[in-house]
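Engineer: Before anything else, here's the structure in question.
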Amino acid sequence: MTDIVRIYEVGPRDGLQNEATPIPTATKARFIGLLADAGLREIEATSFVAPSAIPQLADADELMRDIPRAPGVRYPVLVPNMRGLARAEASDADAIAVFTAATDAFTSANIGMTVDESLAAFDPVLARAGELGWWRRGYVSTAFGCPYTGRVEPERPVEVAIRLLDLGVDEVCFGDTIGVGVPGQVAALTGMAAAAGIPLERIAFHFHDTRGTALANVAAGLDAGVRCFDSSAGGTGGCPYAPGAAGNLATEDLVYFLDASGWDAGGVALDRVLTAARFIADALGRPLATKVGQAGGWDATTGSATGR
């Protein structure tokens with residue numbers, strides 16, 4: 001297996017979607033530019049959902065026109081249906097993500113459909129995106145636990161992931177939406193997915209740090225052979241449909257962990273991630289509260305903190 005780890009940045013979309021105070025489009029575009037400057041090569045920019053559903057992302061069309069698109073950077077957008085796909089086409093997108101879950105209770109609260117209904121809705125979306133030559137990702141949320149039905153056994157998210165792959169997605173991302181997963185569950189889910197024929201290079205994980213297990217879960221994923229993990233600069237985000245779902249795994253915490261553990265973070269520079277994290281924290285009017293955001297990185301040759 002490669003030692004290179006893909007960091008899939010979700011801060012501009014998942015990190016900001018819950019914020020009640022409107023954030024100017026120019027601020028979002030600048031945030032995305034800083035993330036690209038930090039070396040991140042996959043930055044989920046926004047979501048083409050109905051503006052009434054997530055008001056913070058109502059400026060998706062404008063934002064996609066305004067972001068400074070850097071060479072070699074992918075800017076996926078979340079697309080729920082054909083209407084959203086049409087908007088994505090008009091915005092010159094070239095990568096999309098679709099979003100379902102492992103439980104009907106969660107998809108019903110989130111997108112007003114059962115899992116089966118969501119997959120049926122995604123079929124034409126993914127088919128059209130494939131015709132356009134776009135990269136396609138499928139999220140399987142509540143992969144470890146659901147806020148409405150409790151523990152989720154690994155067979156269920158694996159089943160949904162296989163169905164997404166059959167619809168044409170290039171990658172499936174298992175999400176710990178409410179931050180209840182632990183390393184043993186990550187290993188079990190990965191092993192079951194691989195045994196079911198899902199290649200490890202087509203698996204990603206999206207961990208929330210609600211209960212402080214996100215980095216431990218990343219370590220378990222790495223041990224199991226997964227090399228793609230989602231994170232959000234500044235640790236912002238959560239899910240508007242999952243009560244108690246605190247922030248995502250912070251990109252700065254993930255980069256520090258990978259660097260210090262001898263993994264290749266794909267050229268992502270911790271000091272520049274911290275610049276982006278502090279920028280968005282300032283824009284939100286609150287201090288940067290992540291672990292590495294507060295302590296900085298660490299220079300092992302001098303013993304000094306860095307990037308502060």
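A note on labels: chains of the structure tokens are A, B, ... as shown, every chain counts residues from 1, and ligands are counted from 1 in their shown order.
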Could you pull out the strand (DSSP E or B) residues of segment 9-85 of chain A from DSSP and send them as a list in words?
Structural biologist: Glu9, Glu42, Ile43, Thr46, Ser47, Arg74, Val77 and Leu78 of chain A
Engineer: Can you write just those residues out, N, CA and C atoms, as a CSV table (one decimal), in the first residue's frame?
Structural biologist:
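Full text of part27.csv as output:
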```
chain,number,residue,atom,x,y,z
A,9,GLU,N,-10.9,17.8,1.8
A,9,GLU,CA,-11.3,18.9,2.6
A,9,GLU,C,-12.8,19.2,2.4
A,42,GLU,N,-8.3,18.3,-3.0
A,42,GLU,CA,-9.7,18.0,-3.1
A,42,GLU,C,-10.4,18.8,-2.0
A,43,ILE,N,-11.2,19.8,-2.5
A,43,ILE,CA,-11.9,20.7,-1.6
A,43,ILE,C,-13.4,20.7,-2.0
A,46,THR,N,-19.3,23.3,-2.1
A,46,THR,CA,-20.6,23.8,-1.8
A,46,THR,C,-21.6,22.7,-2.1
A,47,SER,N,-22.9,23.0,-2.0
A,47,SER,CA,-23.9,22.1,-2.3
A,47,SER,C,-25.0,22.7,-3.1
A,74,ARG,N,-9.4,19.6,-7.3
A,74,ARG,CA,-10.7,19.1,-7.6
A,74,ARG,C,-11.6,19.8,-6.6
A,77,VAL,N,-18.9,19.2,-5.7
A,77,VAL,CA,-20.1,19.8,-5.1
A,77,VAL,C,-21.1,18.7,-4.8
A,78,LEU,N,-21.9,18.9,-3.8
A,78,LEU,CA,-22.9,18.0,-3.4
A,78,LEU,C,-24.1,18.3,-4.2
```
Engineer: Write out as a list in words which residues come within 9 Å of Ala121 of chain A when counting only C-alpha atoms, dropping same-chain ones fewer than 6 positions away.
Structural biologist: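 In the requested format, the answer is Pro80, Asn81 and Met82 of chain A.
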Engineer: Export, as an mmCIF file, in the first residue's frame, the selected residues with N, CA and C atoms.
Structural biologist:
```cif
data_model
loop_
_atom_site.group_PDB
_atom_site.id
_atom_site.type_symbol
_atom_site.label_atom_id
_atom_site.label_comp_id
_atom_site.auth_asym_id
_atom_site.auth_seq_id
_atom_site.Cartn_x
_atom_site.Cartn_y
_atom_site.Cartn_z
ATOM 1 N N PRO A 80 -28.118 16.783 -4.933
ATOM 2 C CA PRO A 80 -29.140 15.861 -4.437
ATOM 3 C C PRO A 80 -30.057 15.281 -5.505
ATOM 4 N N ASN A 81 -30.142 15.940 -6.674
ATOM 5 C CA ASN A 81 -31.127 15.531 -7.675
ATOM 6 C C ASN A 81 -30.761 16.150 -9.030
ATOM 7 N N MET A 82 -31.600 15.920 -10.027
ATOM 8 C CA MET A 82 -31.308 16.421 -11.374
ATOM 9 C C MET A 82 -31.351 17.941 -11.444
#
```
Engineer: Enumerate, in order of chain and increasing residue number, the residues of segment 159-242 of chain A with an atom no farther than 12 Å from segment 92-110 of chain A, each with its shortest atom pair and distance in Å to one decimal, counting only C-alpha atoms, as a tab-separated table.
Structural biologist:
```
residue	atom	partner	partner_atom	distance
A:Glu159	CA	A:Ala102	CA	8.5
A:Val160	CA	A:Ala102	CA	6.6
A:Ala161	CA	A:Ala102	CA	9.0
A:Ile162	CA	A:Ala102	CA	11.8
A:Arg163	CA	A:Thr100	CA	11.0
A:Leu164	CA	A:Val98	CA	9.2
A:Leu165	CA	A:Val98	CA	11.7
A:Leu167	CA	A:Val98	CA	11.1
A:Gly168	CA	A:Val98	CA	11.3
A:Val169	CA	A:Ala97	CA	8.6
A:Asp170	CA	A:Ala97	CA	9.9
A:Glu171	CA	A:Ala97	CA	9.3
A:Val172	CA	A:Ala97	CA	9.5
A:Cys173	CA	A:Phe99	CA	9.5
A:Phe174	CA	A:Ala101	CA	8.8
A:Gly175	CA	A:Ala101	CA	8.4
A:Asp176	CA	A:Ala101	CA	10.3
A:Thr177	CA	A:Ala101	CA	9.4
A:Ile178	CA	A:Phe106	CA	11.2
A:Cys239	CA	A:Asn110	CA	9.2
A:Pro240	CA	A:Asn110	CA	8.3
A:Tyr241	CA	A:Asn110	CA	5.7
A:Ala242	CA	A:Phe106	CA	8.1
```
Engineer: Leaving out Ala269 of chain A and any residue of its chain fewer than 2 positions from it, which residues lie within 7 Å of it when counting only C-alpha atoms, given as an MDAnalysis selection string?
Structural biologist: chainID A and resid 38:39 267 271:273
Engineer: Interatomic distance between atom CA of Ala233 of chain A and atom CA of Ala276 of chain A?
Structural biologist: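 Between atom CA of Ala233 of chain A and atom CA of Ala276 of chain A the gap is 6.9 Å.
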Engineer: Between A:Gly307, A:Gly72, A:Gly179, A:Gly130, which residue has the minimum interatomic distance to Thr142 of chain A, considering only C-alpha atoms?
Structural biologist: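 Ranked by minimum distance to Thr142 of chain A, first place goes to A:Gly179.
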Engineer: Which residue, A:Leu35, A:Ala86, A:Ala295, A:Leu57, has the smallest gap to Glu19 of chain A when you use only C-alpha atoms?
Structural biologist: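 Of the candidates, the smallest distance to Glu19 of chain A is held by A:Leu57.
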Engineer: Neighbouring residues of Gly84 of chain A were defined as those with any atom within 9 Å, considering only C-alpha atoms; residues of the same chain fewer than 5 positions away were excluded. Please report them as a VMD selection string.
Structural biologist: chain A and resid 47 to 50 78 to 79 89 125
Engineer: Would you mind exporting the chosen residues as a compact mmCIF listing (two decimals), in the first residue's frame, restricted to all heavy atoms?
Structural biologist:
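Dumped to part-v1.txt:
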```txt
# COMPACT_ATOMS: atom_id res chain seq x y z
N SER A 47 -22.88 23.03 -2.00
CA SER A 47 -23.93 22.06 -2.28
C SER A 47 -25.04 22.73 -3.07
O SER A 47 -25.48 23.83 -2.73
CB SER A 47 -24.49 21.51 -0.96
OG SER A 47 -25.55 20.62 -1.20
N PHE A 48 -25.50 22.06 -4.11
CA PHE A 48 -26.59 22.59 -4.93
C PHE A 48 -27.93 22.04 -4.46
O PHE A 48 -28.66 21.40 -5.20
CB PHE A 48 -26.34 22.27 -6.40
CG PHE A 48 -25.30 23.15 -7.02
CD1 PHE A 48 -24.01 22.69 -7.21
CD2 PHE A 48 -25.59 24.46 -7.37
CE1 PHE A 48 -23.04 23.49 -7.77
CE2 PHE A 48 -24.62 25.28 -7.93
CZ PHE A 48 -23.34 24.80 -8.14
N VAL A 49 -28.22 22.28 -3.20
CA VAL A 49 -29.52 21.93 -2.63
C VAL A 49 -30.43 23.14 -2.72
O VAL A 49 -30.00 24.25 -3.06
CB VAL A 49 -29.38 21.49 -1.16
CG1 VAL A 49 -28.52 20.26 -1.04
CG2 VAL A 49 -28.80 22.62 -0.31
N ALA A 50 -31.70 22.94 -2.41
CA ALA A 50 -32.64 24.06 -2.41
C ALA A 50 -32.19 25.09 -1.39
O ALA A 50 -31.87 24.72 -0.24
CB ALA A 50 -34.04 23.58 -2.10
N LEU A 78 -21.86 18.95 -3.75
CA LEU A 78 -22.90 17.99 -3.38
C LEU A 78 -24.13 18.25 -4.23
O LEU A 78 -24.56 19.40 -4.37
CB LEU A 78 -23.24 18.15 -1.90
CG LEU A 78 -23.98 16.99 -1.24
CD1 LEU A 78 -23.11 15.76 -1.17
CD2 LEU A 78 -24.43 17.38 0.17
N VAL A 79 -24.68 17.20 -4.81
CA VAL A 79 -25.83 17.32 -5.71
C VAL A 79 -26.90 16.32 -5.28
O VAL A 79 -26.64 15.11 -5.26
CB VAL A 79 -25.41 17.04 -7.17
CG1 VAL A 79 -26.63 16.94 -8.07
CG2 VAL A 79 -24.46 18.13 -7.67
N GLU A 89 -23.89 21.77 -13.64
CA GLU A 89 -23.41 21.87 -15.02
C GLU A 89 -23.22 23.33 -15.41
O GLU A 89 -22.21 23.69 -16.04
CB GLU A 89 -24.40 21.22 -15.97
CG GLU A 89 -24.34 19.72 -16.02
CD GLU A 89 -25.08 19.15 -17.22
OE1 GLU A 89 -24.68 19.49 -18.37
OE2 GLU A 89 -26.04 18.39 -17.03
N VAL A 125 -28.74 11.05 -11.94
CA VAL A 125 -27.73 12.07 -11.63
C VAL A 125 -26.34 11.52 -11.92
O VAL A 125 -25.52 12.15 -12.61
CB VAL A 125 -27.84 12.49 -10.15
CG1 VAL A 125 -26.67 13.39 -9.75
CG2 VAL A 125 -29.17 13.20 -9.89
```
Engineer: Between A:Ala70, A:Asn217, A:Leu132, A:Ile203, which is the closest to Leu34 of chain A once you count only C-alpha atoms?
Structural biologist: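 Looking only at the distances to Leu34 of chain A, the closest residue turns out to be A:Ala70.
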